[in-house]
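K.L.:
Have a look at this one.
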Amino acid sequence: MSHSPKKKVIIVGGGAAGFFTAINIAEKQPHLEVTILEKTSKLLSKVKVSGGGRCNVTNARQQPSELTPFYPRGGKKLYPVFKEFSTSDMVSWLSDRGVQTHTEADLRMFPITNSSQTIIDCFTSEAARLGVKVIQNCGVKHLEASENQWKLDTTQGIMLTDKLVMATGSTPSVWGLLGQLGLELVPPVPSLFTFNIKDPRISGLMGITFPEVNIRITGTKLEETGPLLITHWGLSGPAVLKLSAWGARELSEKGYHFQILVNYLGKRSNTDLRQWFDEQKQNHPKRRILNYPPGELTKRFWEQLCAYCDIPEQSAYGEISKKQVNKLTEELTQGLYEVKGKSTFKEEFVTSGGVNLSEVNLQTFEARRFPNLYLAGEVLDIDALTGGFNFQACWSAGWVISEHFQKSVNPSQSGNS
Ligand SMILES: Cc1cc2nc3c(=O)[nH]c(=O)nc-3n(C[C@H](O)[C@H](O)[C@H](O)COP(=O)(O)OP(=O)(O)OC[C@H]3O[C@@H](n4cnc5c(N)ncnc54)[C@H](O)[C@@H]3O)c2cc1C
């Protein structure tokens, strides 16, 4: 009796999305021949450096409605995807394979070892256990549909596959190939970056943090509230990173040259602050201004701001003029800063843009107009804020693809390659 050859699945990209998709397909469909093609000599290289080497693997928020607001691109469309495989499913998936996780105060989750190598070891050993073939130094240079299969021209020769999963991350050359094929692309721009600002009010203050500031980008609707950090180059911290993600496209169009209004006291209004200064003037006229800042401001920042507002070092609240109150109020609640350029945040960045989500059926991650072609991970126009959400988009997509294969790929059909 002759055995028909196994049906083939090729996954292009040995990163987070590629490995997770491959493992789950191989687990659910042992009769399929699953192969990962990775163009470099390294596997899971971004996982390795992720989360500062600790891998912020997912987030403790569990409900799809809690997760979608963290995705500037993807958003609500990802709701059913997270319904099928959410962050808690990932935590269980890892736990079932011996990887325990822990949650930090801000709800980010890491392997309990605090080492990304734990995730890499888990994925590579699972892939090996399930017989996933991994071919390194094998880059895909061209792809085309050929009868009922996909034909790949790779650096190791021509390969044919019944099902093709593109999990190539933010690789411009692959977007080029997918564009040539006819898929619509959203032009890529960086997301998650810090703002370059040269300004005497913050120079020399790197390392100073603020628990809650409000930042608005003038001439736009972009506004965020959250912690802020002064860096060597300008401003960073969650409030800035969130703005960079939501404003990725708009700020790119501005050439990363724009103005921001900073309220160092969160949402405190200038009327409220002016009143506070008046109270100090009336009730505590002898209080030295430098020793009594309004709100949670560090001494160094407050001193530098007072100097900028021409307030002599020894001044007491009783001596402060109306003009000085107005100046301080303005600087604290709507300080105007000029942003000229961007920098990366701890080398962590993601790319906004990629294959337009309208091209993909998010119930299966199959391209609507190209049967048997699937896309997962950053190759798609999906990106998130920091917090483990970018990886979660990879895990959820990989799971959904594997479920779809389980339902749709008939084991009795033979591959004809
Ligand atoms: C420094 C840093 C830290 C990060 N930390 C976190 C974090 O802690 N938590 C989080 O959620 N997100 C984090 N991110 C984002 C996260 O790493 C990405 O969203 C995620 O890796 C995307 O996975 P992917 O599989 O789509 O792409 P990738 O991980 O980039 O994998 C794509 C793979 O495809 C390969 N490839 C490309 N072209 C070809 C080709 N033609 N043929 C064959 N192979 C090809 C590439 O070499 C690569 O190995 C971080 C990003 C960076 C840069």
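Within each chain, counting starts at residue 1; across the structure tokens, chains are named A, B, ... in the order shown, with ligands numbered 1 upward in that order.
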I need the residues in range 75-129 of chain A that are strand (DSSP E) according to DSSP; give them as a PDB file with C-alpha atoms, in the first residue's frame.
P.N.:
ATOM      1  CA  THR A 101       4.873  33.472  34.831  1.00  0.00           C
ATOM      2  CA  HIS A 102       4.610  36.344  37.260  1.00  0.00           C
ATOM      3  CA  THR A 103       2.804  39.676  37.113  1.00  0.00           C
ATOM      4  CA  ARG A 108       3.032  43.196  32.627  1.00  0.00           C
ATOM      5  CA  MET A 109       3.803  39.467  32.757  1.00  0.00           C
ATOM      6  CA  PHE A 110       7.208  37.800  32.535  1.00  0.00           C
ATOM      7  CA  PRO A 111       8.483  34.242  32.869  1.00  0.00           C
TER       8      PRO A 111
END
K.L.:
Would you return as a PyMOL selection string the members of range 267-375 of chain A that DSSP assigns to helix (DSSP H, G or I) on this structure's backbone?
P.N.:
chain A and resi 270-283+289-291+299-308+317-319+322-334+357-359
K.L.:
Keeping N, CA and C atoms, export the residues of the selection given above as a short mmCIF file (atom, residue, chain, number, x, y, z; two decimals), in the first residue's frame.
P.N.:
data_model
loop_
_atom_site.label_atom_id
_atom_site.label_comp_id
_atom_site.auth_asym_id
_atom_site.auth_seq_id
_atom_site.Cartn_x
_atom_site.Cartn_y
_atom_site.Cartn_z
N ASN A 270 -5.09 75.56 35.43
CA ASN A 270 -4.30 76.74 35.78
C ASN A 270 -5.04 77.62 36.78
N THR A 271 -6.39 77.62 36.75
CA THR A 271 -7.16 78.40 37.73
C THR A 271 -6.90 77.85 39.13
N ASP A 272 -6.93 76.55 39.24
CA ASP A 272 -6.71 75.89 40.53
C ASP A 272 -5.30 76.18 41.05
N LEU A 273 -4.34 76.14 40.15
CA LEU A 273 -2.95 76.36 40.56
C LEU A 273 -2.73 77.83 40.98
N ARG A 274 -3.31 78.72 40.19
CA ARG A 274 -3.17 80.15 40.52
C ARG A 274 -3.75 80.42 41.91
N GLN A 275 -4.87 79.79 42.18
CA GLN A 275 -5.51 79.92 43.49
C GLN A 275 -4.59 79.39 44.60
N TRP A 276 -3.92 78.27 44.30
CA TRP A 276 -2.98 77.68 45.28
C TRP A 276 -1.85 78.67 45.60
N PHE A 277 -1.31 79.31 44.54
CA PHE A 277 -0.24 80.30 44.77
C PHE A 277 -0.76 81.46 45.62
N ASP A 278 -1.98 81.92 45.31
CA ASP A 278 -2.57 83.03 46.08
C ASP A 278 -2.72 82.65 47.55
N GLU A 279 -3.14 81.40 47.79
CA GLU A 279 -3.29 80.93 49.18
C GLU A 279 -1.95 80.94 49.91
N GLN A 280 -0.89 80.50 49.19
CA GLN A 280 0.45 80.49 49.80
C GLN A 280 0.85 81.92 50.17
N LYS A 281 0.57 82.83 49.22
CA LYS A 281 0.94 84.23 49.39
C LYS A 281 0.23 84.81 50.64
N GLN A 282 -1.04 84.49 50.77
CA GLN A 282 -1.84 85.02 51.88
C GLN A 282 -1.54 84.32 53.20
N ASN A 283 -1.53 82.99 53.19
CA ASN A 283 -1.45 82.22 54.44
C ASN A 283 -0.02 81.88 54.87
N ILE A 289 9.89 79.84 48.49
CA ILE A 289 9.26 79.21 47.31
C ILE A 289 9.96 77.90 46.93
N LEU A 290 11.31 77.94 46.94
CA LEU A 290 12.06 76.75 46.50
C LEU A 290 11.79 75.53 47.37
N ASN A 291 11.41 75.77 48.63
CA ASN A 291 11.18 74.64 49.54
C ASN A 291 9.77 74.09 49.48
N LYS A 299 12.87 68.44 43.70
CA LYS A 299 13.52 69.71 44.06
C LYS A 299 14.32 70.28 42.89
N ARG A 300 15.07 69.39 42.23
CA ARG A 300 15.95 69.88 41.14
C ARG A 300 15.13 70.50 40.01
N PHE A 301 14.04 69.86 39.65
CA PHE A 301 13.21 70.38 38.56
C PHE A 301 12.60 71.72 38.97
N TRP A 302 12.07 71.75 40.20
CA TRP A 302 11.41 72.97 40.69
C TRP A 302 12.40 74.13 40.74
N GLU A 303 13.61 73.86 41.21
CA GLU A 303 14.63 74.92 41.27
C GLU A 303 14.93 75.46 39.88
N GLN A 304 15.09 74.52 38.93
CA GLN A 304 15.44 74.93 37.56
C GLN A 304 14.30 75.73 36.92
N LEU A 305 13.06 75.32 37.23
CA LEU A 305 11.91 76.02 36.65
C LEU A 305 11.77 77.42 37.26
N CYS A 306 12.00 77.51 38.59
CA CYS A 306 11.92 78.83 39.24
C CYS A 306 13.00 79.76 38.67
N ALA A 307 14.20 79.23 38.45
CA ALA A 307 15.27 80.05 37.88
C ALA A 307 14.86 80.51 36.49
N TYR A 308 14.25 79.62 35.72
CA TYR A 308 13.80 79.95 34.36
C TYR A 308 12.75 81.06 34.40
N TYR A 317 6.96 83.19 49.38
CA TYR A 317 5.68 83.31 48.67
C TYR A 317 5.09 84.72 48.81
N GLY A 318 5.33 85.37 49.97
CA GLY A 318 4.79 86.71 50.18
C GLY A 318 5.35 87.73 49.18
N GLU A 319 6.51 87.42 48.59
CA GLU A 319 7.16 88.40 47.70
C GLU A 319 6.83 88.18 46.21
N LYS A 322 2.36 89.04 40.70
CA LYS A 322 1.29 88.43 39.91
C LYS A 322 1.87 87.87 38.59
N LYS A 323 2.81 88.66 38.06
CA LYS A 323 3.44 88.26 36.79
C LYS A 323 4.19 86.93 36.98
N GLN A 324 4.88 86.84 38.14
CA GLN A 324 5.64 85.59 38.41
C GLN A 324 4.68 84.41 38.62
N VAL A 325 3.58 84.66 39.31
CA VAL A 325 2.57 83.60 39.51
C VAL A 325 2.07 83.12 38.15
N ASN A 326 1.77 84.08 37.29
CA ASN A 326 1.26 83.72 35.96
C ASN A 326 2.27 82.90 35.18
N LYS A 327 3.53 83.31 35.27
CA LYS A 327 4.59 82.62 34.53
C LYS A 327 4.75 81.18 35.05
N LEU A 328 4.82 81.05 36.38
CA LEU A 328 4.97 79.71 36.97
C LEU A 328 3.77 78.82 36.62
N THR A 329 2.58 79.43 36.72
CA THR A 329 1.36 78.66 36.41
C THR A 329 1.40 78.17 34.97
N GLU A 330 1.79 79.05 34.08
CA GLU A 330 1.83 78.67 32.66
C GLU A 330 2.86 77.55 32.43
N GLU A 331 4.05 77.73 33.02
CA GLU A 331 5.11 76.73 32.82
C GLU A 331 4.72 75.37 33.39
N LEU A 332 3.99 75.39 34.50
CA LEU A 332 3.63 74.11 35.14
C LEU A 332 2.46 73.42 34.46
N THR A 333 1.50 74.19 33.99
CA THR A 333 0.29 73.55 33.46
C THR A 333 0.22 73.51 31.93
N GLN A 334 0.96 74.40 31.28
CA GLN A 334 0.97 74.32 29.80
C GLN A 334 2.30 74.81 29.22
N LEU A 357 -5.28 45.26 7.28
CA LEU A 357 -6.11 44.22 7.92
C LEU A 357 -7.34 43.87 7.08
N SER A 358 -7.74 44.78 6.19
CA SER A 358 -8.90 44.47 5.36
C SER A 358 -8.58 43.33 4.37
N GLU A 359 -7.30 43.06 4.17
CA GLU A 359 -6.89 41.97 3.26
C GLU A 359 -7.03 40.59 3.91
#
K.L.:
Quick one: distance from CA of Ser116 in chain A to CA of Val47 in chain A in Å, one decimal?
P.N.:
6.4 Å
K.L.:
Gly247 in chain A: which residues within 9 Å, counting only C-alpha atoms, same-chain residues fewer than 6 positions away excluded, as a ChimeraX atom specification?
P.N.:
/A:72,191,222
K.L.:
Which neighbours of Tyr337 in chain A fall inside 7 Å, counting only C-alpha atoms, when residues of the same chain fewer than 2 positions from it are skipped, and could you give them as a PyMOL selection string?
P.N.:
chain A and resi 259-261+335+339
K.L.:
Only N, CA, C and O atoms, please: the residues just picked out, written as an mmCIF file, in the first residue's frame.
P.N.:
data_model
loop_
_atom_site.group_PDB
_atom_site.id
_atom_site.type_symbol
_atom_site.label_atom_id
_atom_site.label_comp_id
_atom_site.auth_asym_id
_atom_site.auth_seq_id
_atom_site.Cartn_x
_atom_site.Cartn_y
_atom_site.Cartn_z
ATOM 1 N N GLN A 259 5.077 70.670 18.327
ATOM 2 C CA GLN A 259 5.129 71.292 19.663
ATOM 3 C C GLN A 259 4.215 70.538 20.622
ATOM 4 O O GLN A 259 3.161 70.038 20.210
ATOM 5 N N ILE A 260 4.653 70.471 21.877
ATOM 6 C CA ILE A 260 3.795 69.828 22.883
ATOM 7 C C ILE A 260 3.532 70.800 24.028
ATOM 8 O O ILE A 260 4.351 71.684 24.308
ATOM 9 N N LEU A 261 2.394 70.611 24.666
ATOM 10 C CA LEU A 261 2.053 71.375 25.861
ATOM 11 C C LEU A 261 2.066 70.404 27.027
ATOM 12 O O LEU A 261 1.359 69.389 27.003
ATOM 13 N N GLY A 335 3.347 74.188 29.710
ATOM 14 C CA GLY A 335 4.678 74.524 29.205
ATOM 15 C C GLY A 335 4.799 74.085 27.749
ATOM 16 O O GLY A 335 4.510 72.938 27.412
ATOM 17 N N VAL A 339 9.528 69.810 19.854
ATOM 18 C CA VAL A 339 10.116 68.475 19.633
ATOM 19 C C VAL A 339 10.778 68.486 18.267
ATOM 20 O O VAL A 339 10.152 68.855 17.267
#
K.L.:
Kindly provide the residues of chain A that approach ligand 1 to within 8 Å, each paired with its closest atom pair and their distance in Å to one decimal, based on only C-alpha atoms and all ligand atoms, listed by chain and increasing number, as CSV.
P.N.:
residue,atom,partner,partner_atom_place_in_ligand_line,distance
A:Val12,CA,ligand 1,43 (C),5.0
A:Gly13,CA,ligand 1,34 (O),3.2
A:Gly14,CA,ligand 1,49 (O),4.6
A:Gly15,CA,ligand 1,31 (O),3.4
A:Ala16,CA,ligand 1,25 (O),3.9
A:Ala17,CA,ligand 1,25 (O),3.7
A:Gly18,CA,ligand 1,25 (O),5.4
A:Phe19,CA,ligand 1,25 (O),7.7
A:Leu37,CA,ligand 1,43 (C),5.3
A:Glu38,CA,ligand 1,44 (N),3.9
A:Lys39,CA,ligand 1,43 (C),3.8
A:Thr40,CA,ligand 1,47 (O),5.3
A:Lys42,CA,ligand 1,49 (O),6.9
A:Leu43,CA,ligand 1,49 (O),5.9
A:Leu44,CA,ligand 1,49 (O),5.9
A:Ser45,CA,ligand 1,49 (O),6.3
A:Lys46,CA,ligand 1,17 (O),4.8
A:Val47,CA,ligand 1,17 (O),5.7
A:Val49,CA,ligand 1,1 (C),5.4
A:Ser50,CA,ligand 1,5 (N),3.3
A:Gly51,CA,ligand 1,8 (O),3.3
A:Gly52,CA,ligand 1,3 (C),6.6
A:Gly53,CA,ligand 1,8 (O),8.0
A:Arg54,CA,ligand 1,8 (O),7.1
A:Cys55,CA,ligand 1,8 (O),4.5
A:Asn56,CA,ligand 1,8 (O),3.7
A:Val57,CA,ligand 1,9 (N),5.5
A:Thr58,CA,ligand 1,11 (O),6.2
A:Asn137,CA,ligand 1,43 (C),7.8
A:Cys138,CA,ligand 1,43 (C),5.9
A:Gly139,CA,ligand 1,42 (N),3.5
A:Val140,CA,ligand 1,42 (N),4.0
A:Lys141,CA,ligand 1,41 (N),5.9
A:Thr154,CA,ligand 1,42 (N),7.6
A:Ala167,CA,ligand 1,26 (O),5.4
A:Thr168,CA,ligand 1,34 (O),3.5
A:Gly169,CA,ligand 1,27 (O),3.3
A:Ser170,CA,ligand 1,30 (O),6.1
A:Thr171,CA,ligand 1,37 (C),5.4
A:Ser173,CA,ligand 1,41 (N),7.0
A:Val174,CA,ligand 1,41 (N),5.6
A:Lys346,CA,ligand 1,1 (C),6.8
A:Glu347,CA,ligand 1,1 (C),4.7
A:Glu348,CA,ligand 1,2 (C),3.6
A:Phe349,CA,ligand 1,53 (C),4.8
A:Val350,CA,ligand 1,15 (C),5.6
A:Ala376,CA,ligand 1,26 (O),6.4
A:Gly377,CA,ligand 1,26 (O),3.4
A:Glu378,CA,ligand 1,26 (O),3.8
A:Val379,CA,ligand 1,26 (O),5.8
A:Asp383,CA,ligand 1,19 (O),7.1
A:Thr386,CA,ligand 1,10 (C),6.4
A:Gly387,CA,ligand 1,9 (N),6.1
A:Gly388,CA,ligand 1,11 (O),3.3
A:Phe389,CA,ligand 1,11 (O),4.7
A:Asn390,CA,ligand 1,11 (O),3.8
A:Phe391,CA,ligand 1,11 (O),3.7
A:Gln392,CA,ligand 1,11 (O),6.2
A:Ala393,CA,ligand 1,19 (O),7.9
A:Cys394,CA,ligand 1,23 (O),6.2
K.L.:
Would you mind exporting the chosen residues as a compact mmCIF listing (two decimals), in the first residue's frame, restricted to C-alpha atoms?
P.N.:
# COMPACT_ATOMS: atom_id res chain seq x y z
CA VAL A 12 8.30 31.95 6.78
CA GLY A 13 9.97 33.63 9.75
CA GLY A 14 11.52 32.04 12.83
CA GLY A 15 10.31 34.72 15.23
CA ALA A 16 7.57 34.92 17.85
CA ALA A 17 4.60 34.54 15.50
CA GLY A 18 6.31 31.91 13.30
CA PHE A 19 7.26 29.59 16.15
CA LEU A 37 12.18 28.96 7.13
CA GLU A 38 14.34 31.59 8.82
CA LYS A 39 16.51 33.84 6.72
CA THR A 40 19.14 34.48 9.40
CA LYS A 42 19.29 33.16 14.62
CA LEU A 43 15.91 31.99 15.89
CA LEU A 44 13.57 34.09 18.02
CA SER A 45 16.10 36.91 18.13
CA LYS A 46 13.58 39.60 19.10
CA VAL A 47 12.19 37.40 21.86
CA VAL A 49 16.16 40.92 23.57
CA SER A 50 12.55 41.61 24.48
CA GLY A 51 11.61 43.25 27.74
CA GLY A 52 15.25 44.08 28.43
CA GLY A 53 16.16 40.36 28.18
CA ARG A 54 13.28 39.35 30.48
CA CYS A 55 10.56 38.98 27.78
CA ASN A 56 7.34 40.73 28.69
CA VAL A 57 5.48 37.77 27.29
CA THR A 58 1.90 38.95 27.88
CA ASN A 137 19.80 30.75 6.69
CA CYS A 138 16.92 30.25 4.30
CA GLY A 139 15.44 33.51 3.07
CA VAL A 140 12.38 33.67 0.85
CA LYS A 141 13.08 35.82 -2.20
CA THR A 154 14.43 30.68 -1.42
CA ALA A 167 5.37 35.61 9.82
CA THR A 168 8.24 37.80 8.70
CA GLY A 169 7.77 40.71 11.10
CA SER A 170 8.54 44.20 9.86
CA THR A 171 10.78 43.26 6.95
CA SER A 173 11.67 43.33 1.39
CA VAL A 174 8.87 40.90 2.29
CA LYS A 346 15.60 51.05 25.30
CA GLU A 347 15.98 49.84 21.68
CA GLU A 348 12.37 48.67 21.93
CA PHE A 349 10.24 49.74 19.02
CA VAL A 350 7.59 48.33 16.80
CA ALA A 376 0.62 36.53 11.45
CA GLY A 377 2.47 38.98 13.68
CA GLU A 378 4.06 42.29 12.84
CA VAL A 379 3.85 41.69 9.06
CA ASP A 383 0.81 47.19 16.76
CA THR A 386 4.29 48.42 25.54
CA GLY A 387 3.10 45.85 28.08
CA GLY A 388 3.29 42.46 26.36
CA PHE A 389 0.52 43.33 23.90
CA ASN A 390 2.68 43.07 20.78
CA PHE A 391 3.62 39.48 21.59
CA GLN A 392 0.03 38.67 22.53
CA ALA A 393 -1.07 39.68 19.02
CA CYS A 394 1.42 37.06 17.71
